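Peer 1: Here it is, the structure in full.
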Amino acid sequence: MRRHSLVTYAVWAVLVIASLAAFVLRDYMIGAVGLATLALTMAPAYMAERLHLRIPVYFYTGIVLFLFGTIFLGEAYKFYDRFWWWDMALHGASAIGFGIVGCVLTLLMFEGDRYAAPPYAVAGISFSFAVTIGVVWEIFEFAMDQTFGTNMQKSGLMDTMGDLIVDCVGAGVGAAMGYAFLRWRMRAGPMGVIAEFMLRNRRFFRRGSEQLVQDERGETDDDREGRASKLRQQIRALEAELSECEIRVEKAEEKGEKAGGNEATPA
């Protein structure tokens with residue numbers, strides 16, 4: 001739970017204070033929602049620690065802000081009703097985030113090796129992953145409305161279709177970021193989150209983290225190939241020298257054995 005951004009700590013402080021104030025004023029619904037939001041925002045840090053993962057600070061801040069906006073502000077303080085664009089903004093931001101997560105999970109299968117992971121394939125999987133999450137959420141909203149009589153879908157079909165369209169656009173943006181990271185090695189803005197995640201979790205992205213370190217040194221593919229060629233030449237030279245030394249040792253041993261045999265022979 002250490003080493004988080006000031007924004008994350010500020011959100012946690014707001015949730016604690018708001019929840020305590022709500023219980024004092026006997027507004028138990030607001031208090032319960034505040035504590036539930038607090039628990040959900042802390043859960044990723046706890047799970048990451050248990051799994052020995054290191055989540056980039058700014059990415060974790062994005063998770064906290066999303067949960068704070070969608071659960072506490074959106075549901076408890078009715079931001080969905082007060083601001084018509086609130087739901088669309090959260091859906092778009094979450095879709096971009098899930099697109100980046102899909103890219104990271106896909107790269108995990110290749111140890112982050114950008115040469116083994118085709119950019120277009122990674123982008124396609126990332127897009128599909130983010131859209132699937134959006135579809136599952138819409139199914140959850142429908143189930144909640146039908147089972148408990150809530151109004152998560154708001155205007156029904158129009159709300160659902162609007163959310164799905166925004167999810168597709170956001171997923172496309174997230175997938176494009178993953179493609180840019182792999183194809184052109186772009187590391188500015190959100191693309192830097194992918195690079196930071198790989199560098200902070202090198203045991204899962206061994207090859208990819210090595211490539212990122214080489215990029216930071218300013219090495220191009222031609223530079224690495226030239227260095228590899230020189231190393232191969234040095235290895236061949238060392239192998240030839242080793243072979244020559246072994247031959248000399250064998251000859252010396254044969255001479256020693258012959259000399260020993262002649263001394264043992266009676267005159």
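Ligands are numbered from 1 in the order shown, residues from 1 within each chain, and chains are lettered A, B, ... in the order they appear in the structure tokens.
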For A:Leu38, find every residue with an atom within 8 Å (counting only C-alpha atoms), except residues of its own chain fewer than 4 positions away, and show them as a PyMOL selection string.
Peer 2: chain A and resi 12+15-16+34+42
Peer 1: Quick one: residues within 9 Å of A:His4, only C-alpha atoms, excluding same-chain residues fewer than 3 positions away - as a list in words?
Peer 2: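 Listing them by chain and then by number gives Met1, Val7, Thr8, Tyr9, Val57, Tyr58, Tyr60 and Thr61 of chain A.
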Peer 1: Have a look at A:Ala76, A:Met88, A:Ile247, A:Leu107 and name the one nearest to A:Gly31; count only C-alpha atoms.
Peer 2: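 Comparing A:Ala76, A:Met88, A:Ile247, A:Leu107 against A:Gly31, the winner is A:Ala76.
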Peer 1: Pick out the residues sitting within 12 Å of A:Ala48, and hand them over as a list in words; count only C-alpha atoms, and ignore anything fewer than 4 positions along from it in its own chain.
Peer 2: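 Residues near the query, excluding close chain neighbours: Met1, Arg2, Met42, Ala43, Pro44, His52, Leu53, Arg54, Ile55, Pro56, Tyr60 and Asn201 of chain A.
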Peer 1: Write the residues you've just listed into a file as a PDB file, in the first residue's frame, and include N, CA and C atoms for each of them.
Peer 2:
```
ATOM      1  N   MET A   1       0.809  -1.197   0.000  1.00  0.00           N
ATOM      2  CA  MET A   1       0.000   0.000   0.000  1.00  0.00           C
ATOM      3  C   MET A   1       0.850   1.258   0.000  1.00  0.00           C
ATOM      4  N   ARG A   2       2.138   1.128  -0.204  1.00  0.00           N
ATOM      5  CA  ARG A   2       3.031   2.279  -0.203  1.00  0.00           C
ATOM      6  C   ARG A   2       3.297   2.751  -1.631  1.00  0.00           C
ATOM      7  N   MET A  42      -8.638  -0.109  -2.935  1.00  0.00           N
ATOM      8  CA  MET A  42      -7.454  -0.682  -2.287  1.00  0.00           C
ATOM      9  C   MET A  42      -7.201  -2.124  -2.727  1.00  0.00           C
ATOM     10  N   ALA A  43      -8.234  -2.786  -3.240  1.00  0.00           N
ATOM     11  CA  ALA A  43      -8.104  -4.200  -3.609  1.00  0.00           C
ATOM     12  C   ALA A  43      -7.022  -4.458  -4.650  1.00  0.00           C
ATOM     13  N   PRO A  44      -6.903  -3.659  -5.743  1.00  0.00           N
ATOM     14  CA  PRO A  44      -5.842  -3.942  -6.718  1.00  0.00           C
ATOM     15  C   PRO A  44      -4.442  -3.899  -6.129  1.00  0.00           C
ATOM     16  N   HIS A  52       2.954 -10.393  -6.422  1.00  0.00           N
ATOM     17  CA  HIS A  52       4.298  -9.847  -6.676  1.00  0.00           C
ATOM     18  C   HIS A  52       4.343  -9.080  -7.991  1.00  0.00           C
ATOM     19  N   LEU A  53       3.286  -8.309  -8.228  1.00  0.00           N
ATOM     20  CA  LEU A  53       3.225  -7.440  -9.397  1.00  0.00           C
ATOM     21  C   LEU A  53       3.456  -6.000  -8.963  1.00  0.00           C
ATOM     22  N   ARG A  54       4.009  -5.215  -9.854  1.00  0.00           N
ATOM     23  CA  ARG A  54       4.222  -3.797  -9.592  1.00  0.00           C
ATOM     24  C   ARG A  54       3.453  -2.989 -10.628  1.00  0.00           C
ATOM     25  N   ILE A  55       2.364  -2.374 -10.172  1.00  0.00           N
ATOM     26  CA  ILE A  55       1.518  -1.592 -11.063  1.00  0.00           C
ATOM     27  C   ILE A  55       2.083  -0.179 -11.164  1.00  0.00           C
ATOM     28  N   PRO A  56       2.247   0.357 -12.372  1.00  0.00           N
ATOM     29  CA  PRO A  56       2.715   1.735 -12.519  1.00  0.00           C
ATOM     30  C   PRO A  56       1.848   2.711 -11.727  1.00  0.00           C
ATOM     31  N   TYR A  60      -2.318   3.022 -11.713  1.00  0.00           N
ATOM     32  CA  TYR A  60      -3.108   2.711 -10.516  1.00  0.00           C
ATOM     33  C   TYR A  60      -3.963   3.910 -10.119  1.00  0.00           C
ATOM     34  N   ASN A 201       8.181  -5.218 -13.971  1.00  0.00           N
ATOM     35  CA  ASN A 201       7.884  -6.642 -13.781  1.00  0.00           C
ATOM     36  C   ASN A 201       8.741  -7.465 -14.734  1.00  0.00           C
TER      37      ASN A 201
END
```
Peer 1: Excluding same-chain residues fewer than 3 positions from stretch 155-163 of chain A, what lies within 7 Å of it counting only C-alpha atoms, as a list of chain:residue names?
Peer 2: A:Met88, A:His91, A:Glu138, A:Val166, A:Asp167
Peer 1: Determine, counting only C-alpha atoms, which protein, DNA and RNA residues have an atom within 12 Å of an atom of A:Ile125; residues of the same chain fewer than 6 positions away are not included. Present the result as an mmCIF file with N, CA and C atoms, in the first residue's frame.
Peer 2:
```cif
data_model
loop_
_atom_site.group_PDB
_atom_site.id
_atom_site.type_symbol
_atom_site.label_atom_id
_atom_site.label_comp_id
_atom_site.auth_asym_id
_atom_site.auth_seq_id
_atom_site.Cartn_x
_atom_site.Cartn_y
_atom_site.Cartn_z
ATOM 1 N N PHE A 98 -8.701 -0.663 -20.495
ATOM 2 C CA PHE A 98 -8.768 -2.110 -20.731
ATOM 3 C C PHE A 98 -8.056 -2.488 -22.021
ATOM 4 N N GLY A 99 -8.034 -1.575 -23.000
ATOM 5 C CA GLY A 99 -7.259 -1.840 -24.212
ATOM 6 C C GLY A 99 -5.779 -1.960 -23.899
ATOM 7 N N ILE A 100 -5.286 -1.083 -23.026
ATOM 8 C CA ILE A 100 -3.879 -1.140 -22.615
ATOM 9 C C ILE A 100 -3.616 -2.411 -21.807
ATOM 10 N N VAL A 101 -4.549 -2.755 -20.922
ATOM 11 C CA VAL A 101 -4.408 -3.992 -20.142
ATOM 12 C C VAL A 101 -4.374 -5.207 -21.059
ATOM 13 N N GLY A 102 -5.230 -5.213 -22.078
ATOM 14 C CA GLY A 102 -5.229 -6.316 -23.036
ATOM 15 C C GLY A 102 -3.904 -6.437 -23.767
ATOM 16 N N CYS A 103 -3.294 -5.298 -24.086
ATOM 17 C CA CYS A 103 -1.983 -5.311 -24.739
ATOM 18 C C CYS A 103 -0.930 -5.919 -23.808
ATOM 19 N N VAL A 104 -0.951 -5.514 -22.540
ATOM 20 C CA VAL A 104 0.021 -6.033 -21.570
ATOM 21 C C VAL A 104 -0.153 -7.542 -21.385
ATOM 22 N N LEU A 105 -1.401 -7.992 -21.278
ATOM 23 C CA LEU A 105 -1.653 -9.422 -21.085
ATOM 24 C C LEU A 105 -1.232 -10.233 -22.310
ATOM 25 N N THR A 106 -1.432 -9.667 -23.497
ATOM 26 C CA THR A 106 -1.014 -10.366 -24.712
ATOM 27 C C THR A 106 0.506 -10.466 -24.786
ATOM 28 N N LEU A 107 1.189 -9.368 -24.457
ATOM 29 C CA LEU A 107 2.653 -9.380 -24.457
ATOM 30 C C LEU A 107 3.210 -10.346 -23.420
ATOM 31 N N ALA A 117 5.757 -10.859 -31.133
ATOM 32 C CA ALA A 117 4.353 -10.458 -31.044
ATOM 33 C C ALA A 117 4.024 -9.477 -32.166
ATOM 34 N N PRO A 118 3.322 -9.906 -33.213
ATOM 35 C CA PRO A 118 2.961 -9.000 -34.312
ATOM 36 C C PRO A 118 2.092 -7.846 -33.803
ATOM 37 N N PRO A 119 2.424 -6.607 -34.117
ATOM 38 C CA PRO A 119 1.652 -5.460 -33.608
ATOM 39 C C PRO A 119 0.172 -5.516 -33.940
ATOM 40 N N VAL A 131 -13.548 -4.591 -25.548
ATOM 41 C CA VAL A 131 -14.962 -4.621 -25.931
ATOM 42 C C VAL A 131 -15.705 -5.704 -25.152
ATOM 43 N N THR A 132 -15.060 -6.842 -24.942
ATOM 44 C CA THR A 132 -15.693 -7.924 -24.171
ATOM 45 C C THR A 132 -16.005 -7.478 -22.753
ATOM 46 N N ALA A 171 -11.862 1.318 -26.934
ATOM 47 C CA ALA A 171 -11.050 0.113 -27.145
ATOM 48 C C ALA A 171 -10.146 0.286 -28.355
ATOM 49 N N GLY A 172 -10.670 0.939 -29.401
ATOM 50 C CA GLY A 172 -9.851 1.195 -30.584
ATOM 51 C C GLY A 172 -8.676 2.103 -30.273
ATOM 52 N N GLY A 174 -7.220 2.445 -27.266
ATOM 53 C CA GLY A 174 -6.270 1.665 -26.466
ATOM 54 C C GLY A 174 -5.478 0.685 -27.305
ATOM 55 N N ALA A 175 -6.147 0.022 -28.260
ATOM 56 C CA ALA A 175 -5.460 -0.924 -29.138
ATOM 57 C C ALA A 175 -4.459 -0.202 -30.033
ATOM 58 N N ALA A 176 -4.831 0.996 -30.497
ATOM 59 C CA ALA A 176 -3.916 1.779 -31.335
ATOM 60 C C ALA A 176 -2.665 2.172 -30.557
ATOM 61 N N GLY A 178 -1.310 0.383 -28.157
ATOM 62 C CA GLY A 178 -0.489 -0.821 -28.112
ATOM 63 C C GLY A 178 0.231 -1.061 -29.422
ATOM 64 N N TYR A 179 -0.463 -0.806 -30.534
ATOM 65 C CA TYR A 179 0.154 -0.964 -31.855
ATOM 66 C C TYR A 179 1.307 0.020 -32.026
#
```
Peer 1: Mind listing the helix (DSSP H, G or I) residues of stretch 137-210 of chain A, per DSSP on the backbone, as a PyMOL selection string?
Peer 2: chain A and resi 137-148+157-183+190-200+206-210
Peer 1: Could you pull the residues within 12 Å of A:Val33, counting only C-alpha atoms, minus those fewer than 6 positions along the same chain, as a list of chain:residue names?
Peer 2: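 Residues meeting the cut-off are A:Leu15, A:Val16, A:Ala18, A:Ser19, A:Leu20, A:Ala22, A:Phe23, A:Asp27, A:Ala39, A:Leu40, A:Leu67, A:Phe68, A:Thr70, A:Ile71, A:Phe72, A:Leu73, A:Gly74, A:Glu75, A:Ala76, A:Tyr77.
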Peer 1: Let me make sure I understand: among A:Cys245, A:Glu111, A:Lys154, A:Arg232, which one has the smallest atom-to-atom distance to A:Arg203 if we use only C-alpha atoms?
Peer 2: A:Glu111
Peer 1: Can you list, as number ranges by chain, every protein, DNA or RNA residue that comes within 12 Å of stretch 205-212 of chain A when you count only C-alpha atoms, leaving out same-chain residues fewer than 5 positions away?
Peer 2: A: 53, 104-117, 181-182, 185-187, 192, 194-200, 217-221, 224
Peer 1: Go ahead and write the residues just picked, N, CA and C atoms, as an mmCIF file, in the first residue's frame.
Peer 2:
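This is the output file result.cif:
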```
data_model
loop_
_atom_site.group_PDB
_atom_site.id
_atom_site.type_symbol
_atom_site.label_atom_id
_atom_site.label_comp_id
_atom_site.auth_asym_id
_atom_site.auth_seq_id
_atom_site.Cartn_x
_atom_site.Cartn_y
_atom_site.Cartn_z
ATOM 1 N N LEU A 53 3.286 -8.309 -8.228
ATOM 2 C CA LEU A 53 3.225 -7.440 -9.397
ATOM 3 C C LEU A 53 3.456 -6.000 -8.963
ATOM 4 N N VAL A 104 -0.951 -5.514 -22.540
ATOM 5 C CA VAL A 104 0.021 -6.033 -21.570
ATOM 6 C C VAL A 104 -0.153 -7.542 -21.385
ATOM 7 N N LEU A 105 -1.401 -7.992 -21.278
ATOM 8 C CA LEU A 105 -1.653 -9.422 -21.085
ATOM 9 C C LEU A 105 -1.232 -10.233 -22.310
ATOM 10 N N THR A 106 -1.432 -9.667 -23.497
ATOM 11 C CA THR A 106 -1.014 -10.366 -24.712
ATOM 12 C C THR A 106 0.506 -10.466 -24.786
ATOM 13 N N LEU A 107 1.189 -9.368 -24.457
ATOM 14 C CA LEU A 107 2.653 -9.380 -24.457
ATOM 15 C C LEU A 107 3.210 -10.346 -23.420
ATOM 16 N N LEU A 108 2.441 -10.584 -22.365
ATOM 17 C CA LEU A 108 2.891 -11.504 -21.316
ATOM 18 C C LEU A 108 3.133 -12.901 -21.878
ATOM 19 N N MET A 109 2.355 -13.293 -22.880
ATOM 20 C CA MET A 109 2.522 -14.619 -23.476
ATOM 21 C C MET A 109 3.824 -14.736 -24.261
ATOM 22 N N PHE A 110 4.383 -13.597 -24.676
ATOM 23 C CA PHE A 110 5.621 -13.592 -25.461
ATOM 24 C C PHE A 110 6.797 -13.048 -24.662
ATOM 25 N N GLU A 111 6.634 -12.957 -23.332
ATOM 26 C CA GLU A 111 7.656 -12.361 -22.460
ATOM 27 C C GLU A 111 7.994 -10.937 -22.905
ATOM 28 N N GLY A 112 7.031 -10.290 -23.540
ATOM 29 C CA GLY A 112 7.216 -8.910 -23.966
ATOM 30 C C GLY A 112 8.033 -8.745 -25.236
ATOM 31 N N ASP A 113 8.393 -9.831 -25.884
ATOM 32 C CA ASP A 113 9.251 -9.762 -27.075
ATOM 33 C C ASP A 113 8.464 -9.159 -28.240
ATOM 34 N N ARG A 114 8.833 -7.937 -28.659
ATOM 35 C CA ARG A 114 8.090 -7.279 -29.725
ATOM 36 C C ARG A 114 8.338 -7.917 -31.086
ATOM 37 N N TYR A 115 9.399 -8.697 -31.212
ATOM 38 C CA TYR A 115 9.668 -9.371 -32.480
ATOM 39 C C TYR A 115 8.810 -10.631 -32.622
ATOM 40 N N ALA A 116 8.431 -11.209 -31.508
ATOM 41 C CA ALA A 116 7.596 -12.413 -31.542
ATOM 42 C C ALA A 116 6.107 -12.087 -31.520
ATOM 43 N N ALA A 117 5.757 -10.859 -31.133
ATOM 44 C CA ALA A 117 4.353 -10.458 -31.044
ATOM 45 C C ALA A 117 4.024 -9.477 -32.166
ATOM 46 N N PHE A 181 3.090 1.386 -29.718
ATOM 47 C CA PHE A 181 4.191 1.004 -28.830
ATOM 48 C C PHE A 181 5.052 -0.075 -29.476
ATOM 49 N N LEU A 182 4.422 -1.041 -30.126
ATOM 50 C CA LEU A 182 5.168 -2.146 -30.727
ATOM 51 C C LEU A 182 5.745 -1.784 -32.093
ATOM 52 N N ARG A 185 7.678 1.912 -31.472
ATOM 53 C CA ARG A 185 8.382 2.055 -30.189
ATOM 54 C C ARG A 185 8.071 3.383 -29.497
ATOM 55 N N MET A 186 6.855 3.845 -29.667
ATOM 56 C CA MET A 186 6.432 5.084 -29.024
ATOM 57 C C MET A 186 6.217 4.841 -27.537
ATOM 58 N N ARG A 187 6.726 5.762 -26.715
ATOM 59 C CA ARG A 187 6.626 5.583 -25.264
ATOM 60 C C ARG A 187 6.136 6.847 -24.572
ATOM 61 N N GLY A 192 3.756 4.903 -22.511
ATOM 62 C CA GLY A 192 4.792 4.758 -21.498
ATOM 63 C C GLY A 192 4.361 3.861 -20.351
ATOM 64 N N ILE A 194 2.757 1.050 -20.673
ATOM 65 C CA ILE A 194 3.087 -0.317 -21.081
ATOM 66 C C ILE A 194 4.560 -0.595 -20.829
ATOM 67 N N ALA A 195 5.414 0.350 -21.234
ATOM 68 C CA ALA A 195 6.856 0.182 -21.034
ATOM 69 C C ALA A 195 7.193 0.114 -19.551
ATOM 70 N N GLU A 196 6.573 0.986 -18.747
ATOM 71 C CA GLU A 196 6.867 0.995 -17.310
ATOM 72 C C GLU A 196 6.423 -0.304 -16.653
ATOM 73 N N PHE A 197 5.263 -0.819 -17.070
ATOM 74 C CA PHE A 197 4.781 -2.076 -16.498
ATOM 75 C C PHE A 197 5.757 -3.206 -16.793
ATOM 76 N N MET A 198 6.295 -3.240 -18.012
ATOM 77 C CA MET A 198 7.242 -4.286 -18.382
ATOM 78 C C MET A 198 8.547 -4.144 -17.608
ATOM 79 N N LEU A 199 9.026 -2.923 -17.441
ATOM 80 C CA LEU A 199 10.286 -2.709 -16.732
ATOM 81 C C LEU A 199 10.149 -2.990 -15.239
ATOM 82 N N ARG A 200 8.970 -2.731 -14.679
ATOM 83 C CA ARG A 200 8.758 -2.960 -13.249
ATOM 84 C C ARG A 200 8.457 -4.427 -12.939
ATOM 85 N N ARG A 217 19.353 2.906 -24.350
ATOM 86 C CA ARG A 217 20.764 3.164 -24.638
ATOM 87 C C ARG A 217 20.966 3.740 -26.036
ATOM 88 N N GLY A 218 19.908 3.794 -26.816
ATOM 89 C CA GLY A 218 20.000 4.356 -28.164
ATOM 90 C C GLY A 218 20.478 3.371 -29.206
ATOM 91 N N GLU A 219 20.424 2.067 -28.910
ATOM 92 C CA GLU A 219 20.872 1.065 -29.855
ATOM 93 C C GLU A 219 19.783 0.780 -30.886
ATOM 94 N N THR A 220 20.175 0.723 -32.152
ATOM 95 C CA THR A 220 19.250 0.326 -33.211
ATOM 96 C C THR A 220 19.389 -1.174 -33.475
ATOM 97 N N ASP A 221 18.528 -1.697 -34.330
ATOM 98 C CA ASP A 221 18.617 -3.113 -34.695
ATOM 99 C C ASP A 221 19.953 -3.417 -35.363
ATOM 100 N N ARG A 224 22.655 -3.626 -32.703
ATOM 101 C CA ARG A 224 22.607 -4.883 -31.955
ATOM 102 C C ARG A 224 23.103 -6.047 -32.811
#
```
Peer 1: Provide the atom CA of A:Leu65 to atom CA of A:Val11 distance in Å, to one decimal place.
Peer 2: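 Between atom CA of A:Leu65 and atom CA of A:Val11 the gap is 7.6 Å.
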Peer 1: Rounded to one decimal, what separation in Å do you get between atom CA of A:Leu35 and atom CA of A:Ala143?
Peer 2: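 Atom CA of A:Leu35 sits 23.8 Å away from atom CA of A:Ala143.
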Peer 1: To one decimal in Å, tell me the separation between atom CA of A:Asn151 and atom CA of A:Ala13.
Peer 2: 29.2 Å
